[in-house]
$ cat upload17.pdb   # PDB, C-alpha atoms and all ligand atoms
ATOM      1  CA  MET A  72      21.470 129.054  20.957  1.00  0.00           C
ATOM      2  CA  THR A  73      18.890 126.265  20.748  1.00  0.00           C
ATOM      3  CA  PRO A  74      19.395 124.151  17.574  1.00  0.00           C
ATOM      4  CA  LYS A  75      16.504 124.505  15.095  1.00  0.00           C
ATOM      5  CA  TYR A  76      15.598 120.796  15.199  1.00  0.00           C
ATOM      6  CA  ILE A  77      14.768 120.884  18.930  1.00  0.00           C
ATOM      7  CA  CYS A  78      11.016 121.478  19.356  1.00  0.00           C
ATOM      8  CA  LYS A  79       8.996 121.739  22.546  1.00  0.00           C
ATOM      9  CA  TYR A  80       6.811 118.712  23.288  1.00  0.00           C
ATOM     10  CA  ARG A  81       3.363 119.675  24.530  1.00  0.00           C
ATOM     11  CA  GLY A  82       1.983 117.160  27.011  1.00  0.00           C
ATOM     12  CA  ALA A  83      -1.727 116.542  27.499  1.00  0.00           C
ATOM     13  CA  ILE A  84      -1.714 118.148  30.965  1.00  0.00           C
ATOM     14  CA  SER A  85      -1.453 121.921  30.945  1.00  0.00           C
ATOM     15  CA  ARG A  86      -0.348 124.293  33.662  1.00  0.00           C
ATOM     16  CA  GLN A  87      -3.979 125.362  33.946  1.00  0.00           C
ATOM     17  CA  ASP A  88      -5.003 121.721  34.561  1.00  0.00           C
ATOM     18  CA  ARG A  89      -2.497 121.484  37.380  1.00  0.00           C
ATOM     19  CA  GLU A  90      -3.541 124.835  38.841  1.00  0.00           C
ATOM     20  CA  ASN A  91      -7.174 123.713  38.767  1.00  0.00           C
ATOM     21  CA  ARG A  92      -6.317 120.542  40.633  1.00  0.00           C
ATOM     22  CA  ASN A  93      -4.209 122.463  43.170  1.00  0.00           C
ATOM     23  CA  HIS A  94      -6.946 125.095  43.617  1.00  0.00           C
ATOM     24  CA  HIS A  95      -4.398 127.867  43.316  1.00  0.00           C
ATOM     25  CA  LYS A  96      -2.254 129.594  40.745  1.00  0.00           C
ATOM     26  CA  ALA A  97       1.469 129.074  40.292  1.00  0.00           C
ATOM     27  CA  VAL A  98       3.655 132.181  40.611  1.00  0.00           C
ATOM     28  CA  THR A  99       7.215 133.172  41.377  1.00  0.00           C
ATOM     29  CA  LEU A 100       8.035 135.430  44.316  1.00  0.00           C
ATOM     30  CA  TRP A 101      11.617 136.547  43.928  1.00  0.00           C
ATOM     31  CA  PHE A 102      13.274 137.838  47.114  1.00  0.00           C
ATOM     32  CA  THR A 103      16.147 140.262  46.510  1.00  0.00           C
ATOM     33  CA  GLY A 104      18.307 141.693  49.282  1.00  0.00           C
ATOM     34  CA  LEU A 105      21.741 141.732  50.842  1.00  0.00           C
ATOM     35  CA  SER A 106      23.211 138.645  52.439  1.00  0.00           C
ATOM     36  CA  CYS A 107      21.717 138.311  55.961  1.00  0.00           C
ATOM     37  CA  SER A 108      18.811 140.625  55.117  1.00  0.00           C
ATOM     38  CA  GLY A 109      16.435 137.721  55.809  1.00  0.00           C
ATOM     39  CA  LYS A 110      15.541 136.299  52.386  1.00  0.00           C
ATOM     40  CA  SER A 111      15.955 132.632  53.350  1.00  0.00           C
ATOM     41  CA  THR A 112      14.360 133.016  56.770  1.00  0.00           C
ATOM     42  CA  ILE A 113      11.298 134.785  55.367  1.00  0.00           C
ATOM     43  CA  ALA A 114      10.965 132.555  52.279  1.00  0.00           C
ATOM     44  CA  HIS A 115      11.088 129.364  54.361  1.00  0.00           C
ATOM     45  CA  ALA A 116       8.600 130.733  56.899  1.00  0.00           C
ATOM     46  CA  VAL A 117       6.219 131.647  54.063  1.00  0.00           C
ATOM     47  CA  GLU A 118       6.749 128.206  52.544  1.00  0.00           C
ATOM     48  CA  LYS A 119       5.764 126.558  55.834  1.00  0.00           C
ATOM     49  CA  GLN A 120       2.569 128.611  56.088  1.00  0.00           C
ATOM     50  CA  LEU A 121       1.588 127.848  52.501  1.00  0.00           C
ATOM     51  CA  PHE A 122       2.451 124.160  52.897  1.00  0.00           C
ATOM     52  CA  ASP A 123       0.302 123.945  56.005  1.00  0.00           C
ATOM     53  CA  LEU A 124      -2.544 125.491  53.985  1.00  0.00           C
ATOM     54  CA  GLY A 125      -2.164 122.665  51.451  1.00  0.00           C
ATOM     55  CA  ARG A 126      -0.451 124.758  48.776  1.00  0.00           C
ATOM     56  CA  GLN A 127       2.138 123.375  46.350  1.00  0.00           C
ATOM     57  CA  VAL A 128       5.233 125.448  47.166  1.00  0.00           C
ATOM     58  CA  TYR A 129       9.001 125.222  47.044  1.00  0.00           C
ATOM     59  CA  VAL A 130      11.897 127.478  48.072  1.00  0.00           C
ATOM     60  CA  PHE A 131      14.843 127.895  45.759  1.00  0.00           C
ATOM     61  CA  ASP A 132      17.728 129.093  47.855  1.00  0.00           C
ATOM     62  CA  GLY A 133      20.935 130.693  46.639  1.00  0.00           C
ATOM     63  CA  ASP A 134      23.225 128.639  48.807  1.00  0.00           C
ATOM     64  CA  ASN A 135      21.587 125.348  47.760  1.00  0.00           C
ATOM     65  CA  VAL A 136      21.786 125.828  43.995  1.00  0.00           C
ATOM     66  CA  ARG A 137      25.401 126.896  44.298  1.00  0.00           C
ATOM     67  CA  HIS A 138      26.151 123.399  45.618  1.00  0.00           C
ATOM     68  CA  GLY A 139      24.684 121.620  42.605  1.00  0.00           C
ATOM     69  CA  LEU A 140      23.002 123.106  39.558  1.00  0.00           C
ATOM     70  CA  CYS A 141      25.345 126.097  39.461  1.00  0.00           C
ATOM     71  CA  ARG A 142      28.468 124.755  41.133  1.00  0.00           C
ATOM     72  CA  ASP A 143      30.490 125.454  37.979  1.00  0.00           C
ATOM     73  CA  LEU A 144      29.824 129.201  38.336  1.00  0.00           C
ATOM     74  CA  THR A 145      31.843 131.857  40.159  1.00  0.00           C
ATOM     75  CA  PHE A 146      30.679 135.177  41.608  1.00  0.00           C
ATOM     76  CA  SER A 147      31.895 137.234  38.634  1.00  0.00           C
ATOM     77  CA  PRO A 148      29.221 139.509  37.123  1.00  0.00           C
ATOM     78  CA  GLU A 149      28.833 137.183  34.094  1.00  0.00           C
ATOM     79  CA  ASP A 150      28.501 134.064  36.219  1.00  0.00           C
ATOM     80  CA  ARG A 151      26.065 135.719  38.636  1.00  0.00           C
ATOM     81  CA  ASN A 152      23.938 136.572  35.608  1.00  0.00           C
ATOM     82  CA  GLU A 153      24.128 132.984  34.301  1.00  0.00           C
ATOM     83  CA  ASN A 154      23.310 131.676  37.800  1.00  0.00           C
ATOM     84  CA  LEU A 155      20.098 133.715  37.831  1.00  0.00           C
ATOM     85  CA  ARG A 156      19.163 132.867  34.247  1.00  0.00           C
ATOM     86  CA  ARG A 157      19.435 129.132  34.978  1.00  0.00           C
ATOM     87  CA  ILE A 158      17.376 129.420  38.137  1.00  0.00           C
ATOM     88  CA  ALA A 159      14.672 131.391  36.353  1.00  0.00           C
ATOM     89  CA  GLU A 160      14.470 128.772  33.606  1.00  0.00           C
ATOM     90  CA  MET A 161      14.147 126.128  36.290  1.00  0.00           C
ATOM     91  CA  THR A 162      11.451 127.964  38.217  1.00  0.00           C
ATOM     92  CA  LYS A 163       9.513 128.481  34.981  1.00  0.00           C
ATOM     93  CA  LEU A 164       9.409 124.688  34.637  1.00  0.00           C
ATOM     94  CA  PHE A 165       8.225 124.443  38.237  1.00  0.00           C
ATOM     95  CA  MET A 166       5.467 126.958  37.518  1.00  0.00           C
ATOM     96  CA  ASP A 167       4.441 124.776  34.574  1.00  0.00           C
ATOM     97  CA  ALA A 168       4.204 122.004  37.163  1.00  0.00           C
ATOM     98  CA  GLY A 169       1.783 124.215  39.131  1.00  0.00           C
ATOM     99  CA  ILE A 170       4.111 125.139  41.951  1.00  0.00           C
ATOM    100  CA  ILE A 171       4.494 128.425  43.856  1.00  0.00           C
ATOM    101  CA  CYS A 172       8.204 129.246  43.637  1.00  0.00           C
ATOM    102  CA  LEU A 173       9.854 131.275  46.385  1.00  0.00           C
ATOM    103  CA  CYS A 174      13.315 132.333  45.221  1.00  0.00           C
ATOM    104  CA  ALA A 175      15.854 133.644  47.739  1.00  0.00           C
ATOM    105  CA  PHE A 176      18.784 135.089  45.821  1.00  0.00           C
ATOM    106  CA  ILE A 177      20.718 138.288  46.468  1.00  0.00           C
ATOM    107  CA  THR A 178      20.121 139.425  42.862  1.00  0.00           C
ATOM    108  CA  PRO A 179      22.189 142.581  43.359  1.00  0.00           C
ATOM    109  CA  ARG A 180      22.021 144.137  39.891  1.00  0.00           C
ATOM    110  CA  GLU A 181      18.981 145.988  38.596  1.00  0.00           C
ATOM    111  CA  SER A 182      19.817 144.795  35.068  1.00  0.00           C
ATOM    112  CA  ASP A 183      19.519 141.167  36.236  1.00  0.00           C
ATOM    113  CA  ARG A 184      16.183 141.854  37.919  1.00  0.00           C
ATOM    114  CA  GLN A 185      14.941 143.392  34.656  1.00  0.00           C
ATOM    115  CA  MET A 186      16.208 140.342  32.784  1.00  0.00           C
ATOM    116  CA  LEU A 187      14.325 138.045  35.156  1.00  0.00           C
ATOM    117  CA  ARG A 188      11.151 140.076  34.782  1.00  0.00           C
ATOM    118  CA  SER A 189      11.445 139.990  30.993  1.00  0.00           C
ATOM    119  CA  MET A 190      11.873 136.180  31.056  1.00  0.00           C
ATOM    120  CA  HIS A 191       8.441 135.779  32.657  1.00  0.00           C
ATOM    121  CA  ALA A 192       4.898 136.124  31.363  1.00  0.00           C
ATOM    122  CA  ASP A 193       2.826 138.979  32.805  1.00  0.00           C
ATOM    123  CA  GLY A 194       1.692 138.208  36.333  1.00  0.00           C
ATOM    124  CA  ASP A 195       4.145 135.348  36.896  1.00  0.00           C
ATOM    125  CA  PHE A 196       7.033 137.291  38.450  1.00  0.00           C
ATOM    126  CA  HIS A 197       6.787 139.312  41.665  1.00  0.00           C
ATOM    127  CA  LEU A 198       9.841 141.009  43.127  1.00  0.00           C
ATOM    128  CA  VAL A 199      10.100 141.311  46.907  1.00  0.00           C
ATOM    129  CA  HIS A 200      12.809 143.607  48.254  1.00  0.00           C
ATOM    130  CA  VAL A 201      14.012 142.451  51.662  1.00  0.00           C
ATOM    131  CA  ASP A 202      15.322 145.827  52.704  1.00  0.00           C
ATOM    132  CA  CYS A 203      17.962 145.902  55.423  1.00  0.00           C
ATOM    133  CA  PRO A 204      20.970 148.262  55.626  1.00  0.00           C
ATOM    134  CA  VAL A 205      24.408 146.755  55.153  1.00  0.00           C
ATOM    135  CA  GLU A 206      25.417 147.813  58.701  1.00  0.00           C
ATOM    136  CA  GLU A 207      22.635 145.673  60.176  1.00  0.00           C
ATOM    137  CA  CYS A 208      23.298 142.736  57.804  1.00  0.00           C
ATOM    138  CA  SER A 209      26.971 142.959  58.631  1.00  0.00           C
ATOM    139  CA  ALA A 210      26.180 142.934  62.364  1.00  0.00           C
ATOM    140  CA  ARG A 211      23.983 139.823  61.917  1.00  0.00           C
ATOM    141  CA  ASP A 212      26.693 138.110  59.824  1.00  0.00           C
ATOM    142  CA  VAL A 213      25.009 134.715  60.225  1.00  0.00           C
ATOM    143  CA  LYS A 214      27.813 132.834  58.473  1.00  0.00           C
ATOM    144  CA  GLY A 215      30.737 135.148  59.250  1.00  0.00           C
ATOM    145  CA  TYR A 216      31.178 136.039  55.578  1.00  0.00           C
ATOM    146  CA  TYR A 217      30.986 139.818  56.070  1.00  0.00           C
ATOM    147  CA  ALA A 218      33.981 139.626  58.398  1.00  0.00           C
ATOM    148  CA  LEU A 219      35.920 137.586  55.827  1.00  0.00           C
ATOM    149  CA  ALA A 220      34.887 139.959  53.031  1.00  0.00           C
ATOM    150  CA  ARG A 221      36.071 142.978  55.030  1.00  0.00           C
ATOM    151  CA  GLN A 222      39.421 141.237  55.536  1.00  0.00           C
ATOM    152  CA  GLY A 223      39.594 140.713  51.759  1.00  0.00           C
ATOM    153  CA  LYS A 224      39.399 136.933  52.171  1.00  0.00           C
ATOM    154  CA  ILE A 225      36.205 136.735  50.092  1.00  0.00           C
ATOM    155  CA  ARG A 226      36.202 138.780  46.893  1.00  0.00           C
ATOM    156  CA  ASN A 227      33.179 140.261  45.083  1.00  0.00           C
ATOM    157  CA  TYR A 228      31.075 140.230  48.255  1.00  0.00           C
ATOM    158  CA  THR A 229      27.819 142.138  47.776  1.00  0.00           C
ATOM    159  CA  GLY A 230      27.591 145.203  49.997  1.00  0.00           C
ATOM    160  CA  ILE A 231      31.340 145.166  50.761  1.00  0.00           C
ATOM    161  CA  SER A 232      33.266 144.751  47.522  1.00  0.00           C
ATOM    162  CA  ALA A 233      30.470 144.334  44.990  1.00  0.00           C
ATOM    163  CA  PRO A 234      27.452 146.583  44.375  1.00  0.00           C
ATOM    164  CA  PHE A 235      23.815 146.160  45.380  1.00  0.00           C
ATOM    165  CA  ASP A 236      21.544 148.367  43.265  1.00  0.00           C
ATOM    166  CA  THR A 237      18.448 149.686  45.013  1.00  0.00           C
ATOM    167  CA  PRO A 238      15.492 147.804  43.478  1.00  0.00           C
ATOM    168  CA  GLN A 239      13.552 150.231  41.258  1.00  0.00           C
ATOM    169  CA  ASN A 240      10.120 148.643  41.021  1.00  0.00           C
ATOM    170  CA  PRO A 241       9.597 145.853  43.540  1.00  0.00           C
ATOM    171  CA  GLU A 242       6.028 144.674  43.978  1.00  0.00           C
ATOM    172  CA  LEU A 243       6.635 144.488  47.722  1.00  0.00           C
ATOM    173  CA  THR A 244       9.237 145.899  50.132  1.00  0.00           C
ATOM    174  CA  LEU A 245       9.856 144.391  53.567  1.00  0.00           C
ATOM    175  CA  ASP A 246      11.706 146.454  56.135  1.00  0.00           C
ATOM    176  CA  SER A 247      13.476 143.544  57.818  1.00  0.00           C
ATOM    177  CA  ARG A 248      15.482 145.773  60.166  1.00  0.00           C
ATOM    178  CA  ASN A 249      12.493 147.387  61.862  1.00  0.00           C
ATOM    179  CA  THR A 250       9.840 144.730  61.255  1.00  0.00           C
ATOM    180  CA  ASP A 251       9.959 141.352  62.970  1.00  0.00           C
ATOM    181  CA  LEU A 252       9.926 138.085  61.058  1.00  0.00           C
ATOM    182  CA  ARG A 253       6.303 137.316  61.821  1.00  0.00           C
ATOM    183  CA  THR A 254       5.118 140.660  60.479  1.00  0.00           C
ATOM    184  CA  CYS A 255       7.271 140.281  57.337  1.00  0.00           C
ATOM    185  CA  VAL A 256       5.697 136.849  56.727  1.00  0.00           C
ATOM    186  CA  ASP A 257       2.198 138.317  57.265  1.00  0.00           C
ATOM    187  CA  GLN A 258       2.974 141.040  54.730  1.00  0.00           C
ATOM    188  CA  VAL A 259       4.047 138.448  52.136  1.00  0.00           C
ATOM    189  CA  MET A 260       0.973 136.312  52.796  1.00  0.00           C
ATOM    190  CA  HIS A 261      -1.262 139.373  52.527  1.00  0.00           C
ATOM    191  CA  TYR A 262       0.282 140.201  49.153  1.00  0.00           C
ATOM    192  CA  LEU A 263       0.333 136.643  47.811  1.00  0.00           C
ATOM    193  CA  THR A 264      -3.066 135.327  48.883  1.00  0.00           C
ATOM    194  CA  PRO A 265      -5.213 137.224  46.331  1.00  0.00           C
ATOM    195  CA  ILE A 266      -2.683 136.484  43.567  1.00  0.00           C
ATOM    196  CA  ILE A 267      -2.689 132.720  43.956  1.00  0.00           C
ATOM    197  CA  GLY A 268      -6.437 132.643  44.605  1.00  0.00           C
TER
HETATM  198  N1  LIG B   1      12.463 140.607  60.157  1.00  0.00           N
HETATM  199  C1  LIG B   1      13.344 139.641  59.903  1.00  0.00           C
HETATM  200  N2  LIG B   1      13.171 138.857  58.825  1.00  0.00           N
HETATM  201  C2  LIG B   1      14.065 137.880  58.544  1.00  0.00           C
HETATM  202  N3  LIG B   1      15.178 137.601  59.267  1.00  0.00           N
HETATM  203  C3  LIG B   1      15.404 138.368  60.358  1.00  0.00           C
HETATM  204  C4  LIG B   1      14.507 139.416  60.708  1.00  0.00           C
HETATM  205  N4  LIG B   1      14.980 140.013  61.814  1.00  0.00           N
HETATM  206  C5  LIG B   1      16.107 139.357  62.128  1.00  0.00           C
HETATM  207  N5  LIG B   1      16.380 138.369  61.269  1.00  0.00           N
HETATM  208  C6  LIG B   1      17.554 137.482  61.328  1.00  0.00           C
HETATM  209  O1  LIG B   1      18.422 137.825  60.247  1.00  0.00           O
HETATM  210  C7  LIG B   1      19.088 136.671  59.755  1.00  0.00           C
HETATM  211  C8  LIG B   1      18.808 136.556  58.276  1.00  0.00           C
HETATM  212  O2  LIG B   1      19.512 135.460  57.732  1.00  0.00           O
HETATM  213  P1  LIG B   1      19.114 134.786  56.365  1.00  0.00           P
HETATM  214  O3  LIG B   1      17.650 134.543  56.313  1.00  0.00           O
HETATM  215  O4  LIG B   1      20.018 133.604  56.180  1.00  0.00           O
HETATM  216  O5  LIG B   1      19.467 135.944  55.337  1.00  0.00           O
HETATM  217  P2  LIG B   1      19.712 135.852  53.749  1.00  0.00           P
HETATM  218  O6  LIG B   1      19.037 134.613  53.241  1.00  0.00           O
HETATM  219  O7  LIG B   1      19.103 137.116  53.220  1.00  0.00           O
HETATM  220  O8  LIG B   1      21.188 135.822  53.553  1.00  0.00           O
HETATM  221  C9  LIG B   1      18.570 135.477  60.537  1.00  0.00           C
HETATM  222  O9  LIG B   1      19.485 135.199  61.585  1.00  0.00           O
HETATM  223  C10 LIG B   1      17.239 136.009  61.097  1.00  0.00           C
HETATM  224  O10 LIG B   1      16.884 135.376  62.313  1.00  0.00           O
HETATM  225 MG    MG B   2      19.908 132.966  52.198  1.00  0.00          MG
END
$ encode --input "upload17.pdb" --output "structure tokens" --more "lines below"
Ligand SMILES: Nc1ncnc2c1ncn2[C@@H]1O[C@H](COP(=O)(O)OP(=O)(O)O)[C@@H](O)[C@H]1O
Ligand SMILES: [Mg+2]
Amino acid sequence: MTPKYICKYRGAISRQDRENRNHHKAVTLWFTGLSCSGKSTIAHAVEKQLFDLGRQVYVFDGDNVRHGLCRDLTFSPEDRNENLRRIAEMTKLFMDAGIICLCAFITPRESDRQMLRSMHADGDFHLVHVDCPVEECSARDVKGYYALARQGKIRNYTGISAPFDTPQNPELTLDSRNTDLRTCVDQVMHYLTPIIG
């Protein structure tokens, strides 16, 4: 709980001021999907395109925050929830700073996705489901974690020993098994361009 005597300080520069200067809106695109479905690859490719277009953009990646901001957290359901809550609070600050936030986190539970949505103002949060079956993700196994999870050497591994709920109301679904990276990136850009203006 926030103590009563802590009040928000309102600076002279608003989010709108920053968006006006950037010539685009700030939003959050939140990529959900199994490990190895392609969240990081797609988010970073989209980031590069937007950066090259002069947009203010940043990728928040699951693996990176686990090394710092959230290194005290485990992969228990409670800690996964806290991990996501912290990231969302951080990305809200980045949106205040006028930045397009691309978030690449497994986000396996529908309840957590609903929580994230409810933490954001209307129009700020857009869920992108990077849809790829566990058999394909497991075959890609970029970091070899699926193999370790199947051997029981990693516990609570999403898709193997922890659940991944099918996203109920994503704004966008990418079929990253049957659609190549370039097409997935085009689909995100096509969705995002009218939103950021
Ligand atoms: N359409 C696609 N979109 C994204 N990645 C793809 C696609 N097809 C194959 N891949 C491959 O799948 C892997 C996805 O890894 P990564 O982006 O790290 O996944 P995640 O961040 O979801 O764990 C990469 O090796 C990437 O080259
Ligand atoms: Mg990743």
$ residues_around --input "upload17.pdb" --residues "Ile171 of chain A" --least-positions-apart "6" --cutoff "7 Å" --atoms "all atoms listed in the file" --output "list in words"
Ala97, Val98, Thr99, Gln127, Val128 and Tyr129 of chain A
$ write_last_selection --input "upload17.pdb" --atoms "C-alpha atoms" --output "mmCIF file, keeping the file's coordinate frame"
data_model
loop_
_atom_site.group_PDB
_atom_site.id
_atom_site.type_symbol
_atom_site.label_atom_id
_atom_site.label_comp_id
_atom_site.auth_asym_id
_atom_site.auth_seq_id
_atom_site.Cartn_x
_atom_site.Cartn_y
_atom_site.Cartn_z
ATOM 1 C CA ALA A 97 1.469 129.074 40.292
ATOM 2 C CA VAL A 98 3.655 132.181 40.611
ATOM 3 C CA THR A 99 7.215 133.172 41.377
ATOM 4 C CA GLN A 127 2.138 123.375 46.350
ATOM 5 C CA VAL A 128 5.233 125.448 47.166
ATOM 6 C CA TYR A 129 9.001 125.222 47.044
#
$ closest_residue --input "upload17.pdb" --among "A:Gln222, A:Gln239, A:Asn152, A:Asn135" --to "ligand LIG 1 (chain B)" --atoms "all atoms listed in the file"
A:Asn135
$ closest_residue --input "upload17.pdb" --among "A:Phe131, A:Tyr262, A:Phe165, A:Tyr228" --to "ligand MG 2 (chain B)" --atoms "all atoms listed in the file"
A:Phe131
$ axis_aligned_box --input "upload17.pdb" --around "segment 197-216 of chain A" --padding-each-side "8 Å" --output "JSON"
{"center_x": 19.0, "center_y": 140.5, "center_z": 52.0, "size_x": 40.4, "size_y": 31.4, "size_z": 36.7}
$ closest_residue --input "upload17.pdb" --among "A:Lys96, A:Glu118, A:Asp236, A:Gly268" --to "Val256 of chain A" --atoms "all atoms listed in the file"
A:Glu118
$ closest_residue --input "upload17.pdb" --among "A:Ala233, A:Ala114, A:Val259, A:Cys107" --to "ligand LIG 1 (chain B)" --atoms "only C-alpha atoms and all ligand atoms"
A:Cys107
$ closest_residue --input "upload17.pdb" --among "A:Lys79, A:Arg92, A:Lys214, A:Glu149" --to "Asp134 of chain A" --atoms "all atoms listed in the file"
A:Lys214
$ closest_residue --input "upload17.pdb" --among "A:Thr103, A:Thr73, A:Ser85, A:Asn93" --to "ligand MG 2 (chain B)" --atoms "all atoms listed in the file"
A:Thr103
$ resolve_selection --input "upload17.pdb" --expression "the PyMOL selection byres (((not hetatm)) within 8 of (chain B and resi 2))" --output "ChimeraX atom specification"
/A:106-107,109-112,132-134,175-177
